>>> print(open('entry_19.cif').read())   # mmCIF, C-alpha atoms and all ligand atoms
data_coords
loop_
_atom_site.label_atom_id
_atom_site.label_comp_id
_atom_site.auth_asym_id
_atom_site.auth_seq_id
_atom_site.Cartn_x
_atom_site.Cartn_y
_atom_site.Cartn_z
CA MET A 4 23.00 29.64 16.47
CA TYR A 5 22.51 26.75 14.05
CA ASP A 6 20.16 23.91 15.01
CA LEU A 7 22.35 21.18 13.54
CA LEU A 8 25.80 21.08 11.99
CA LEU A 9 26.90 18.10 9.90
CA ARG A 10 30.70 18.16 9.71
CA ASP A 11 32.72 16.75 6.80
CA ALA A 12 29.78 15.22 4.99
CA THR A 13 30.24 13.86 1.48
CA ILE A 14 27.44 15.58 -0.44
CA VAL A 15 26.18 13.65 -3.46
CA GLN A 16 24.77 15.48 -6.47
CA SER A 17 24.11 14.28 -10.00
CA THR A 18 27.28 16.09 -11.07
CA GLY A 19 29.56 14.54 -8.46
CA ARG A 20 30.54 14.64 -4.81
CA LEU A 21 32.10 17.19 -2.51
CA VAL A 22 33.06 17.16 1.15
CA ALA A 23 31.60 20.06 3.13
CA ASP A 24 29.95 21.09 6.37
CA ILE A 25 26.17 21.61 6.27
CA ALA A 26 24.44 23.82 8.84
CA LEU A 27 20.67 23.80 9.35
CA GLU A 28 18.59 26.55 10.94
CA ASP A 29 14.81 27.05 11.18
CA GLY A 30 14.09 24.17 8.82
CA LYS A 31 16.37 25.47 6.07
CA ILE A 32 19.90 24.83 4.93
CA ALA A 33 21.74 27.84 6.31
CA TYR A 34 25.29 27.08 5.24
CA VAL A 35 27.25 24.72 2.96
CA GLY A 36 31.04 24.92 2.77
CA GLY A 37 34.22 24.80 4.89
CA SER A 38 33.90 25.12 8.67
CA PRO A 39 31.27 27.80 9.42
CA GLY A 40 31.94 30.42 12.09
CA GLY A 41 28.76 30.03 14.12
CA LYS A 42 27.88 27.52 16.84
CA ALA A 43 25.27 24.78 16.68
CA LYS A 44 22.95 23.16 19.23
CA GLU A 45 23.95 19.76 17.89
CA GLU A 46 27.10 18.85 15.99
CA VAL A 47 27.54 15.58 14.15
CA SER A 48 30.68 14.23 12.54
CA ALA A 49 29.66 12.90 9.15
CA ILE A 50 33.09 11.60 8.22
CA GLY A 51 32.61 8.50 6.10
CA HIS A 52 28.94 9.29 5.53
CA PHE A 53 27.11 10.55 2.49
CA VAL A 54 24.44 13.22 2.52
CA MET A 55 21.79 13.67 -0.16
CA PRO A 56 18.50 15.56 -0.33
CA GLY A 57 15.46 13.66 0.96
CA VAL A 58 13.80 11.42 -1.60
CA ILE A 59 10.80 12.90 -3.43
CA ASP A 60 8.25 10.19 -4.24
CA GLY A 61 5.96 11.63 -6.91
CA HIS A 62 3.60 8.66 -6.86
CA VAL A 63 1.94 7.40 -3.67
CA HIS A 64 -1.60 6.26 -2.87
CA PHE A 65 -2.06 6.96 0.84
CA ARG A 66 -5.76 5.91 0.60
CA ASP A 67 -6.93 8.77 2.79
CA PRO A 68 -9.78 9.78 2.67
CA GLY A 69 -12.02 6.79 2.27
CA LEU A 70 -9.84 3.68 2.17
CA THR A 71 -8.06 4.07 5.48
CA HIS A 72 -8.24 0.38 6.35
CA LYS A 73 -5.35 0.04 3.80
CA GLU A 74 -3.30 3.12 4.75
CA ASP A 75 -3.77 6.68 5.98
CA TRP A 76 -1.73 9.86 5.89
CA SER A 77 -0.18 9.05 9.28
CA THR A 78 0.92 5.47 8.60
CA GLY A 79 1.86 6.14 4.99
CA SER A 80 3.99 9.15 5.82
CA ARG A 81 5.67 7.36 8.75
CA ALA A 82 6.58 4.55 6.37
CA ALA A 83 7.94 7.14 3.95
CA VAL A 84 10.18 9.15 6.27
CA ARG A 85 11.48 6.07 8.10
CA MET A 86 13.29 5.09 4.92
CA GLY A 87 14.30 8.48 3.55
CA VAL A 88 11.29 9.64 1.53
CA THR A 89 10.75 13.17 2.85
CA THR A 90 8.24 14.44 0.26
CA VAL A 91 5.28 12.58 -1.27
CA LEU A 92 2.77 13.47 -3.98
CA ASP A 93 -0.52 11.64 -3.48
CA MET A 94 -2.69 10.26 -6.27
CA PRO A 95 -6.37 11.18 -6.66
CA ASN A 96 -8.11 7.77 -6.62
CA THR A 97 -9.24 8.05 -3.01
CA VAL A 98 -12.88 8.02 -1.86
CA PRO A 99 -14.14 10.50 -2.82
CA PRO A 100 -11.72 10.97 -5.73
CA THR A 101 -9.74 14.22 -5.77
CA VAL A 102 -11.32 15.94 -8.78
CA ASP A 103 -12.21 19.51 -7.76
CA ALA A 104 -11.40 22.32 -5.32
CA LYS A 105 -13.53 20.87 -2.55
CA THR A 106 -11.99 17.39 -2.59
CA ALA A 107 -8.47 18.77 -3.13
CA LYS A 108 -8.71 21.07 -0.14
CA ALA A 109 -10.30 18.38 2.00
CA LYS A 110 -7.40 16.01 1.25
CA LEU A 111 -4.80 18.69 1.93
CA ALA A 112 -6.48 19.37 5.29
CA ILE A 113 -6.19 15.68 6.23
CA ALA A 114 -2.54 15.62 5.15
CA ALA A 115 -1.83 18.78 7.17
CA GLU A 116 -3.32 17.07 10.21
CA ARG A 117 -1.66 13.64 9.84
CA SER A 118 1.36 13.67 7.54
CA VAL A 119 4.86 13.66 8.97
CA ALA A 120 6.30 13.89 5.45
CA ASN A 121 6.07 16.96 3.25
CA TYR A 122 3.19 16.52 0.87
CA GLY A 123 1.46 17.58 -2.30
CA ILE A 124 -1.43 16.17 -4.31
CA TRP A 125 -2.44 15.27 -7.85
CA ILE A 126 -5.93 15.99 -9.16
CA GLY A 127 -7.73 13.37 -11.26
CA ALA A 128 -8.95 14.19 -14.76
CA THR A 129 -12.68 13.70 -15.39
CA ALA A 130 -14.63 14.40 -18.59
CA ASP A 131 -15.48 17.94 -17.50
CA ASN A 132 -13.14 19.34 -14.82
CA ALA A 133 -10.58 21.26 -16.95
CA LYS A 134 -11.74 24.57 -15.48
CA ALA A 135 -11.26 23.38 -11.92
CA ILE A 136 -7.85 21.95 -12.87
CA ASN A 137 -6.72 25.26 -14.31
CA LYS A 138 -7.69 27.26 -11.23
CA LEU A 139 -6.03 24.77 -8.85
CA TRP A 140 -2.93 24.76 -11.05
CA ASP A 141 -2.73 28.57 -11.10
CA ASP A 142 -3.32 28.74 -7.35
CA GLY A 143 -0.51 26.25 -6.71
CA VAL A 144 -2.79 23.67 -5.04
CA ILE A 145 -1.83 20.66 -7.22
CA CYS A 146 1.37 19.25 -8.68
CA GLY A 147 -0.45 18.16 -11.84
CA THR A 148 -3.34 16.22 -13.32
CA LYS A 149 -3.43 12.42 -13.25
CA LEU A 150 -4.94 10.87 -16.34
CA PHE A 151 -5.87 7.19 -16.41
CA LEU A 152 -5.82 6.00 -20.02
CA ALA A 153 -6.73 2.64 -18.53
CA HIS A 154 -9.85 2.69 -16.38
CA THR A 155 -8.15 0.88 -13.55
CA THR A 156 -9.78 3.02 -10.93
CA GLY A 157 -13.43 3.06 -11.93
CA THR A 158 -14.61 6.62 -12.47
CA LEU A 159 -11.31 8.20 -13.47
CA GLY A 160 -11.01 6.78 -17.01
CA LEU A 161 -11.70 8.97 -20.06
CA ASP A 162 -12.69 8.12 -23.63
CA ASP A 163 -10.62 9.36 -26.62
CA ASP A 164 -12.55 12.58 -27.16
CA ALA A 165 -12.41 13.50 -23.49
CA VAL A 166 -8.64 12.87 -23.42
CA HIS A 167 -8.11 15.04 -26.47
CA LYS A 168 -10.25 17.78 -24.94
CA LEU A 169 -8.31 17.58 -21.69
CA PHE A 170 -5.04 18.07 -23.59
CA LEU A 171 -6.47 21.12 -25.33
CA ASP A 172 -8.36 22.74 -22.43
CA SER A 173 -6.35 22.14 -19.28
CA LYS A 174 -3.02 23.53 -18.05
CA GLY A 175 -0.03 22.19 -16.21
CA LEU A 176 1.68 18.84 -15.95
CA ILE A 177 -0.26 15.71 -16.98
CA GLY A 178 0.77 12.47 -15.27
CA VAL A 179 -0.39 9.44 -17.21
CA HIS A 180 -1.17 5.82 -16.46
CA ALA A 181 -0.48 4.55 -19.98
CA GLU A 182 -2.27 1.33 -20.85
CA ASP A 183 -4.68 1.19 -23.79
CA GLN A 184 -8.19 0.37 -22.62
CA ARG A 185 -9.30 -1.18 -25.93
CA LEU A 186 -6.48 -3.71 -25.83
CA LEU A 187 -7.11 -4.37 -22.16
CA ASP A 188 -10.79 -5.02 -22.87
CA LYS A 189 -9.93 -7.38 -25.71
CA HIS A 190 -7.50 -9.46 -23.66
CA HIS A 191 -9.72 -9.36 -20.60
CA LYS A 192 -12.50 -10.89 -22.67
CA ALA A 193 -10.22 -13.55 -24.13
CA HIS A 194 -9.20 -14.75 -20.65
CA ALA A 195 -12.42 -14.07 -18.75
CA LYS A 196 -13.27 -17.77 -18.34
CA GLU A 197 -9.90 -18.73 -16.86
CA PRO A 198 -9.90 -18.76 -13.05
CA ARG A 199 -6.20 -17.85 -12.77
CA PRO A 200 -4.80 -16.28 -15.95
CA GLU A 201 -1.37 -14.67 -16.13
CA HIS A 202 -1.79 -10.98 -15.33
CA ASN A 203 0.54 -10.22 -18.27
CA ASP A 204 -1.87 -12.00 -20.62
CA VAL A 205 -4.82 -9.98 -19.35
CA ARG A 206 -2.86 -6.70 -19.49
CA PRO A 207 -0.22 -7.41 -22.14
CA PRO A 208 2.88 -5.30 -22.85
CA GLU A 209 1.41 -4.09 -26.16
CA ALA A 210 -1.34 -2.26 -24.25
CA ALA A 211 1.35 -0.12 -22.63
CA ALA A 212 3.22 0.45 -25.90
CA GLU A 213 0.01 1.39 -27.72
CA ALA A 214 -0.90 3.95 -25.05
CA VAL A 215 2.59 5.49 -25.13
CA SER A 216 2.42 5.80 -28.94
CA ARG A 217 -0.89 7.57 -28.61
CA LEU A 218 0.51 9.91 -25.98
CA VAL A 219 3.42 10.80 -28.23
CA ARG A 220 0.94 11.81 -30.95
CA LEU A 221 -1.04 13.91 -28.47
CA VAL A 222 2.08 15.64 -27.18
CA ARG A 223 3.29 16.36 -30.72
CA GLU A 224 -0.06 17.97 -31.51
CA THR A 225 -0.66 19.90 -28.29
CA LYS A 226 2.89 20.45 -26.94
CA ARG A 227 1.58 19.59 -23.46
CA ARG A 228 4.02 18.52 -20.76
CA VAL A 229 3.49 14.84 -19.90
CA HIS A 230 5.00 12.63 -17.18
CA ILE A 231 4.47 8.94 -17.98
CA CYS A 232 4.10 6.89 -14.82
CA HIS A 233 5.56 3.44 -14.26
CA LEU A 234 7.14 2.51 -17.61
CA SER A 235 7.38 -1.27 -17.54
CA THR A 236 8.34 -2.62 -20.96
CA ALA A 237 11.21 -2.59 -23.44
CA ASN A 238 8.79 -1.53 -26.20
CA GLU A 239 7.78 1.68 -24.45
CA LEU A 240 11.47 2.54 -24.13
CA THR A 241 12.01 1.81 -27.82
CA ILE A 242 9.18 4.19 -28.78
CA LEU A 243 10.50 6.96 -26.54
CA GLU A 244 14.23 6.53 -27.27
CA PRO A 245 14.43 8.57 -30.54
CA LEU A 246 12.29 11.33 -29.00
CA PHE A 247 14.39 11.72 -25.86
CA GLY A 248 14.86 15.42 -25.11
CA ASP A 249 12.81 16.52 -28.15
CA LEU A 250 9.33 16.33 -26.71
CA PRO A 251 8.19 17.56 -23.27
CA ILE A 252 7.81 13.98 -22.00
CA THR A 253 9.37 12.72 -18.78
CA THR A 254 9.13 9.27 -17.28
CA GLU A 255 8.92 7.34 -14.03
CA VAL A 256 10.01 3.80 -13.21
CA THR A 257 9.01 1.90 -10.07
CA PRO A 258 11.15 -0.35 -7.89
CA HIS A 259 8.69 -3.23 -8.38
CA HIS A 260 9.26 -3.16 -12.12
CA LEU A 261 13.03 -2.91 -11.56
CA PHE A 262 13.36 -5.63 -8.92
CA LEU A 263 10.56 -8.13 -9.66
CA SER A 264 9.86 -10.23 -12.74
CA VAL A 265 7.39 -12.99 -13.61
CA GLU A 266 10.18 -15.56 -13.94
CA THR A 267 11.79 -14.86 -10.57
CA TRP A 268 8.71 -14.35 -8.35
CA GLN A 269 8.10 -17.37 -6.14
CA GLY A 270 5.20 -16.32 -3.92
CA ASP A 271 1.45 -15.88 -4.34
CA LYS A 272 0.95 -14.18 -7.69
CA ASN A 273 -1.84 -11.99 -6.35
CA LEU A 274 0.67 -10.21 -4.11
CA ILE A 275 2.47 -8.84 -7.15
CA LYS A 276 -0.71 -8.22 -9.15
CA VAL A 277 -0.23 -4.59 -10.13
CA ASN A 278 -1.10 -2.33 -13.06
CA PRO A 279 0.85 -2.22 -15.30
CA PRO A 280 1.88 -5.82 -14.50
CA ILE A 281 5.23 -7.11 -13.34
CA ARG A 282 6.86 -8.09 -16.64
CA PRO A 283 9.27 -10.76 -17.91
CA GLU A 284 13.01 -10.51 -17.18
CA LEU A 285 13.68 -9.10 -20.63
CA ASP A 286 11.66 -5.99 -19.84
CA ARG A 287 13.13 -5.64 -16.37
CA ARG A 288 16.65 -5.66 -17.81
CA ALA A 289 15.72 -3.10 -20.46
CA LEU A 290 14.50 -0.79 -17.68
CA TRP A 291 17.85 -1.08 -15.88
CA THR A 292 19.74 -0.33 -19.06
CA ALA A 293 17.61 2.79 -19.49
CA VAL A 294 18.34 3.85 -15.90
CA LYS A 295 22.06 3.41 -16.51
CA ARG A 296 21.93 5.41 -19.73
CA GLY A 297 19.95 8.26 -18.16
CA ARG A 298 16.88 7.59 -20.30
CA LEU A 299 14.41 7.51 -17.40
CA ASN A 300 13.78 10.59 -15.28
CA THR A 301 12.39 9.57 -11.90
CA PHE A 302 11.92 6.71 -9.46
CA GLY A 303 8.39 6.64 -8.02
CA SER A 304 7.12 3.94 -5.69
CA ASP A 305 3.48 3.77 -6.86
CA HIS A 306 2.92 2.83 -3.22
CA ALA A 307 -0.53 1.24 -3.51
CA PRO A 308 -1.21 -0.74 -0.33
CA HIS A 309 -3.92 -3.36 0.05
CA THR A 310 -4.47 -5.69 2.99
CA LEU A 311 -3.42 -9.34 2.80
CA GLU A 312 -7.09 -10.30 3.21
CA GLU A 313 -7.92 -8.33 0.07
CA LYS A 314 -5.00 -9.93 -1.77
CA ALA A 315 -6.20 -13.39 -0.70
CA ALA A 316 -9.23 -13.14 -3.00
CA ASP A 317 -9.19 -14.99 -6.34
CA TYR A 318 -7.28 -13.51 -9.29
CA TRP A 319 -10.19 -11.50 -10.69
CA GLU A 320 -11.24 -10.07 -7.32
CA ALA A 321 -7.80 -9.31 -5.84
CA PRO A 322 -7.00 -5.59 -6.09
CA ALA A 323 -3.95 -4.43 -8.07
CA GLY A 324 -1.10 -2.69 -6.29
CA MET A 325 1.41 -3.25 -3.52
CA PRO A 326 3.10 -1.18 -0.82
CA GLY A 327 6.42 0.40 -1.86
CA VAL A 328 7.21 3.77 -0.32
CA GLU A 329 9.14 2.14 2.51
CA THR A 330 11.33 0.00 0.27
CA LEU A 331 12.04 2.54 -2.49
CA PHE A 332 15.28 3.96 -1.09
CA PRO A 333 16.76 0.79 0.50
CA LEU A 334 16.17 -1.25 -2.67
CA LEU A 335 17.87 1.40 -4.78
CA MET A 336 20.75 1.64 -2.31
CA ASN A 337 21.23 -2.10 -2.62
CA ALA A 338 21.32 -1.68 -6.40
CA VAL A 339 24.07 0.91 -5.95
CA LYS A 340 25.96 -1.54 -3.76
CA HIS A 341 25.78 -4.15 -6.53
CA GLY A 342 26.95 -1.72 -9.18
CA ARG A 343 23.67 -1.31 -11.08
CA MET A 344 23.97 2.47 -10.94
CA GLY A 345 25.99 5.17 -9.22
CA LEU A 346 24.92 7.33 -6.30
CA GLU A 347 24.88 10.28 -8.69
CA ARG A 348 22.13 8.68 -10.79
CA LEU A 349 20.23 7.80 -7.61
CA VAL A 350 20.23 11.44 -6.47
CA GLU A 351 19.34 12.67 -9.94
CA MET A 352 16.30 10.38 -10.22
CA CYS A 353 15.17 10.49 -6.56
CA CYS A 354 15.67 14.18 -5.89
CA GLU A 355 16.85 16.56 -8.61
CA GLN A 356 14.60 15.49 -11.46
CA PRO A 357 11.40 15.12 -9.39
CA ALA A 358 11.99 18.59 -7.89
CA ALA A 359 12.38 20.02 -11.40
CA ILE A 360 9.51 18.09 -13.04
CA PHE A 361 7.04 18.93 -10.27
CA ALA A 362 8.50 22.46 -9.90
CA LEU A 363 8.91 22.09 -6.14
CA GLU A 364 10.29 25.12 -4.28
CA GLY A 365 13.27 24.45 -2.05
CA LYS A 366 13.49 20.71 -2.80
CA GLY A 367 15.91 18.33 -4.46
CA ARG A 368 19.20 20.16 -3.89
CA ILE A 369 21.58 20.81 -1.03
CA GLN A 370 22.17 24.54 -1.18
CA VAL A 371 21.76 27.57 1.07
CA GLY A 372 18.11 28.53 1.42
CA ALA A 373 16.77 25.10 0.42
CA ASP A 374 14.51 23.14 2.77
CA ALA A 375 16.45 21.03 5.27
CA ASP A 376 15.19 17.64 4.00
CA LEU A 377 18.25 15.40 4.11
CA ILE A 378 19.37 11.80 4.33
CA LEU A 379 22.62 10.89 6.06
CA PHE A 380 23.64 7.40 4.96
CA LYS A 381 26.42 4.89 4.47
CA GLU A 382 27.05 3.11 1.23
CA GLY A 383 27.69 -0.59 0.70
CA GLU A 384 25.81 -1.93 3.72
CA SER A 385 22.83 -4.19 3.41
CA THR A 386 20.31 -5.98 5.59
CA LYS A 387 17.24 -8.18 5.18
CA LEU A 388 13.78 -6.65 5.04
CA LYS A 389 11.80 -7.66 8.10
CA LYS A 390 8.03 -7.58 7.99
CA SER A 391 7.89 -6.67 11.69
CA GLU A 392 9.70 -3.39 11.03
CA LEU A 393 7.26 -2.12 8.42
CA GLU A 394 5.26 1.01 9.24
CA THR A 395 2.78 0.72 6.36
CA LYS A 396 -0.69 -0.21 7.58
CA ALA A 397 -0.83 -2.90 4.89
CA GLY A 398 1.77 -4.71 7.01
CA TRP A 399 3.51 -6.62 4.21
CA SER A 400 5.95 -6.19 1.36
CA PRO A 401 6.81 -8.30 -1.70
CA PHE A 402 10.44 -7.83 -0.64
CA GLU A 403 10.15 -9.49 2.81
CA GLY A 404 13.29 -11.46 3.58
CA LYS A 405 15.09 -9.96 0.59
CA GLU A 406 18.39 -8.10 0.73
CA ILE A 407 17.92 -4.33 0.88
CA GLY A 408 20.29 -1.46 1.58
CA ALA A 409 20.72 -0.53 5.24
CA PRO A 410 18.26 2.13 6.46
CA PRO A 411 19.54 5.72 6.42
CA VAL A 412 21.66 6.65 9.45
CA ARG A 413 19.51 9.75 9.87
CA VAL A 414 16.52 11.19 8.06
CA ILE A 415 15.90 14.92 8.47
CA VAL A 416 12.59 16.58 7.51
CA ASN A 417 12.34 20.38 7.69
CA GLY A 418 15.43 20.41 9.93
CA HIS A 419 14.08 17.82 12.39
CA THR A 420 15.64 14.39 12.78
CA VAL A 421 12.71 12.01 12.27
CA ALA A 422 14.43 8.61 11.98
CA ARG A 423 17.73 6.97 12.86
CA ASN A 424 18.87 3.67 11.40
CA GLY A 425 15.32 2.73 10.47
CA THR A 426 13.76 3.68 13.80
CA LEU A 427 11.34 6.59 14.00
CA MET A 428 11.77 9.22 16.72
CA ASP A 429 9.03 9.42 19.37
CA ASP A 430 7.56 12.81 18.58
CA LEU A 431 7.40 13.50 14.89
CA PRO A 432 6.65 17.04 13.80
CA LYS A 433 4.03 17.59 11.11
CA GLY A 434 5.14 17.79 7.49
CA GLN A 435 4.45 20.81 5.36
CA ALA A 436 2.57 21.33 2.12
CA VAL A 437 5.01 21.75 -0.77
CA THR A 438 4.89 24.93 -2.80
CA TYR A 439 5.28 25.10 -6.58
CA LYS A 440 7.12 27.48 -8.87
CA ARG A 441 4.41 28.75 -11.21
ZN ZN B 501 -0.41 4.59 -9.00
#
>>> encode(input="entry_19.cif", output="structure tokens", more="lines below")
Ligand SMILES: [Zn+2]
Amino acid sequence: MYDLLLRDATIVQSTGRLVADIALEDGKIAYVGGSPGGKAKEEVSAIGHFVMPGVIDGHVHFRDPGLTHKEDWSTGSRAAVRMGVTTVLDMPNTVPPTVDAKTAKAKLAIAAERSVANYGIWIGATADNAKAINKLWDDGVICGTKLFLAHTTGTLGLDDDAVHKLFLDSKGLIGVHAEDQRLLDKHHKAHAKEPRPEHNDVRPPEAAAEAVSRLVRLVRETKRRVHICHLSTANELTILEPLFGDLPITTEVTPHHLFLSVETWQGDKNLIKVNPPIRPELDRRALWTAVKRGRLNTFGSDHAPHTLEEKAADYWEAPAGMPGVETLFPLLMNAVKHGRMGLERLVEMCCEQPAAIFALEGKGRIQVGADADLILFKEGESTKLKKSELETKAGWSPFEGKEIGAPPVRVIVNGHTVARNGTLMDDLPKGQAVTYKR
């Protein structure tokens, strides 16, 4: 007996759509096709609804351990699944930072205890942890190594020699925060006496372009596989355009860089202080063109919550980052509604490509044997984002009051319905650690 049968669902894939029944059993997709023979405990007519795999967010900062006044694995994962993100990969700049077997396993134990989303973790690169990285990679404990070319997070920045050594000595995927520290230092110094400089002047677009150029040289030399996080400028796209498909480089773009710009933001500038910065309209439009042309690989939220009290500090003291995991899917759905991209591109960049890039078993596709992580949704409906509905502990969003796509009709994680129309169910089962194809 199946646990759940979705009848006449329109399944969206990057290659197109098909109408089929989907049966779920024991947390897996047990059947996809015309009417199946067996019975189901629950049957749902999905006529007029779309079904896609759950969103995989390869870039969240759930702040746990150590910074749990901003977020923790419970609140962060509830925010995620409420709006269709069924798998998250957490970044290493927690306290302590995730940089070895001990801290990696400790974080995974916390996630196992608290997360209602499926989860995996990144390890942070330090000057001397290549050996630990390689063992954790081989053992399937990490999705990859996060490298901060900009020292935005204190201890996790490396100098040139250490970066080069990391590329030569470590294995696996390298995820990169690409801003050039020398240029950042120079511009920081030039504006240090101003009480409220433009964040784009302190961290200018050329710092991002310079770091991407350097990465390209490193990848050419070492043939390492690199995933560049949060591309934000037209110049980075121009550098990467002629290399597309030739080098093992993939890319991520965030909703905040796609939906916010310095010209259109009306609120407190500290709220959208983020690294790399929110850019001018010109850059934002270039990012959308790249999405449309299939030149960017993944959407990642870079969910980096801070409290409003922390954001109320002066420019220099206010921390960089903003919550985003909860608005990732509805913002993108609203973009689909307004014709900025098709559902096929959405599924490709939210599900299929992240599953492939992070080598996740059973994720990103609706097929027999895959994990039953699904979103049932309608297209073309929108609503306004209400602060009171947010699950993130940070309790705010730069998109409050803005038009977003309607919440998914149903979010299913490992075969369990966890949210309906933006409301979480009462008892949420625990998420599971992802496994990697190695
Ligand atoms: Zn980040």
>>> closest_residue(input="entry_19.cif", among="A:Glu347, A:Glu201, A:Asp429, A:Asp305", to="Arg282 in chain A", atoms="all atoms listed in the file")
A:Glu201
>>> residues_near_ligand(input="entry_19.cif", ligand="ligand ZN 501 (chain B)", cutoff="8 Å", atoms="all atoms listed in the file", output="list in words")
His62, Val63, His64, Met94, His180, Cys232, Asp305, His306, Ala307 and Gly324 of chain A
>>> closest_residue(input="entry_19.cif", among="A:Pro401, A:Pro245, A:Pro410, A:Gly79", to="Val277 in chain A", atoms="only C-alpha atoms")
A:Pro401
>>> closest_residue(input="entry_19.cif", among="A:Pro208, A:Ile14, A:Ser80, A:Tyr5", to="Glu45 in chain A", atoms="only C-alpha atoms")
A:Tyr5
>>> atom_distance(input="entry_19.cif", atom1="CA of Cys146 in chain A", atom2="CA of Ala83 in chain A")
18.7 Å
>>> atom_distance(input="entry_19.cif", atom1="CA of Ile59 in chain A", atom2="CA of Glu255 in chain A")
12.1 Å
>>> residues_around(input="entry_19.cif", residues="Glu239 in chain A", least_positions_apart="6", cutoff="10 Å", atoms="all atoms listed in the file", output="PyMOL selection string")
chain A and resi 181+208-216+286+290
>>> write_last_selection(input="entry_19.cif", atoms="C-alpha atoms", output="PDB file, in the coordinates of the input")
ATOM      1  CA  ALA A 181      -0.480   4.550 -19.980  1.00  0.00           C
ATOM      2  CA  PRO A 208       2.880  -5.300 -22.850  1.00  0.00           C
ATOM      3  CA  GLU A 209       1.410  -4.090 -26.160  1.00  0.00           C
ATOM      4  CA  ALA A 210      -1.340  -2.260 -24.250  1.00  0.00           C
ATOM      5  CA  ALA A 211       1.350  -0.120 -22.630  1.00  0.00           C
ATOM      6  CA  ALA A 212       3.220   0.450 -25.900  1.00  0.00           C
ATOM      7  CA  GLU A 213       0.010   1.390 -27.720  1.00  0.00           C
ATOM      8  CA  ALA A 214      -0.900   3.950 -25.050  1.00  0.00           C
ATOM      9  CA  VAL A 215       2.590   5.490 -25.130  1.00  0.00           C
ATOM     10  CA  SER A 216       2.420   5.800 -28.940  1.00  0.00           C
ATOM     11  CA  ASP A 286      11.660  -5.990 -19.840  1.00  0.00           C
ATOM     12  CA  LEU A 290      14.500  -0.790 -17.680  1.00  0.00           C
TER      13      LEU A 290
END
>>> closest_residue(input="entry_19.cif", among="A:Val414, A:Ala436, A:Val205, A:Leu331", to="Lys108 in chain A", atoms="all atoms listed in the file")
A:Ala436
>>> axis_aligned_box(input="entry_19.cif", around="range 182-192 of chain A", padding_each_side="4 Å", output="JSON")
{"center_x": -7.4, "center_y": -4.8, "center_z": -23.3, "size_x": 18.2, "size_y": 20.2, "size_z": 13.3}
>>> closest_residue(input="entry_19.cif", among="A:Asp131, A:Glu28, A:Glu74, A:Asp11", to="Ala373 in chain A", atoms="all atoms listed in the file")
A:Glu28
>>> residues_near_point(input="entry_19.cif", point="(12.5, 15.0, 7.1)", cutoff="12 Å", atoms="all atoms listed in the file", output="ChimeraX atom specification")
/A:30-31,55-59,80-81,83-91,118-122,366,374-379,411,413-423,427-428,431-435
>>> atom_distance(input="entry_19.cif", atom1="CA of Ala49 in chain A", atom2="CA of Gln16 in chain A")
16.6 Å
>>> closest_residue(input="entry_19.cif", among="A:Glu355, A:Asp188, A:Glu329, A:Glu384", to="Glu403 in chain A", atoms="all atoms listed in the file")
A:Glu329
>>> residues_near_point(input="entry_19.cif", point="(13.6, 12.6, -12.3)", cutoff="6 Å", atoms="all atoms listed in the file", output="count of residues only")
5
>>> build_atoms(input="entry_19.cif", residues="range 51-61 of chain A", atoms="N, CA and C atoms", output="PDB file, in the frame of the given file")
ATOM      1  N   GLY A  51      32.934   9.836   6.565  1.00  0.00           N
ATOM      2  CA  GLY A  51      32.610   8.500   6.100  1.00  0.00           C
ATOM      3  C   GLY A  51      31.147   8.303   5.764  1.00  0.00           C
ATOM      4  N   HIS A  52      30.362   9.370   5.861  1.00  0.00           N
ATOM      5  CA  HIS A  52      28.940   9.290   5.530  1.00  0.00           C
ATOM      6  C   HIS A  52      28.650  10.140   4.299  1.00  0.00           C
ATOM      7  N   PHE A  53      27.596   9.759   3.612  1.00  0.00           N
ATOM      8  CA  PHE A  53      27.110  10.550   2.490  1.00  0.00           C
ATOM      9  C   PHE A  53      25.871  11.336   2.936  1.00  0.00           C
ATOM     10  N   VAL A  54      25.673  12.469   2.296  1.00  0.00           N
ATOM     11  CA  VAL A  54      24.440  13.220   2.520  1.00  0.00           C
ATOM     12  C   VAL A  54      23.819  13.537   1.167  1.00  0.00           C
ATOM     13  N   MET A  55      22.530  13.306   1.069  1.00  0.00           N
ATOM     14  CA  MET A  55      21.790  13.670  -0.160  1.00  0.00           C
ATOM     15  C   MET A  55      20.475  14.313   0.256  1.00  0.00           C
ATOM     16  N   PRO A  56      19.822  15.018  -0.673  1.00  0.00           N
ATOM     17  CA  PRO A  56      18.500  15.560  -0.330  1.00  0.00           C
ATOM     18  C   PRO A  56      17.528  14.415  -0.052  1.00  0.00           C
ATOM     19  N   GLY A  57      16.481  14.676   0.725  1.00  0.00           N
ATOM     20  CA  GLY A  57      15.460  13.660   0.960  1.00  0.00           C
ATOM     21  C   GLY A  57      14.835  13.225  -0.346  1.00  0.00           C
ATOM     22  N   VAL A  58      14.411  11.966  -0.381  1.00  0.00           N
ATOM     23  CA  VAL A  58      13.800  11.420  -1.600  1.00  0.00           C
ATOM     24  C   VAL A  58      12.418  12.031  -1.804  1.00  0.00           C
ATOM     25  N   ILE A  59      12.118  12.398  -3.046  1.00  0.00           N
ATOM     26  CA  ILE A  59      10.800  12.900  -3.430  1.00  0.00           C
ATOM     27  C   ILE A  59      10.088  11.781  -4.181  1.00  0.00           C
ATOM     28  N   ASP A  60       9.016  11.263  -3.591  1.00  0.00           N
ATOM     29  CA  ASP A  60       8.250  10.190  -4.240  1.00  0.00           C
ATOM     30  C   ASP A  60       7.014  10.816  -4.882  1.00  0.00           C
ATOM     31  N   GLY A  61       7.047  10.952  -6.186  1.00  0.00           N
ATOM     32  CA  GLY A  61       5.960  11.630  -6.910  1.00  0.00           C
ATOM     33  C   GLY A  61       4.729  10.781  -7.133  1.00  0.00           C
TER      34      GLY A  61
END
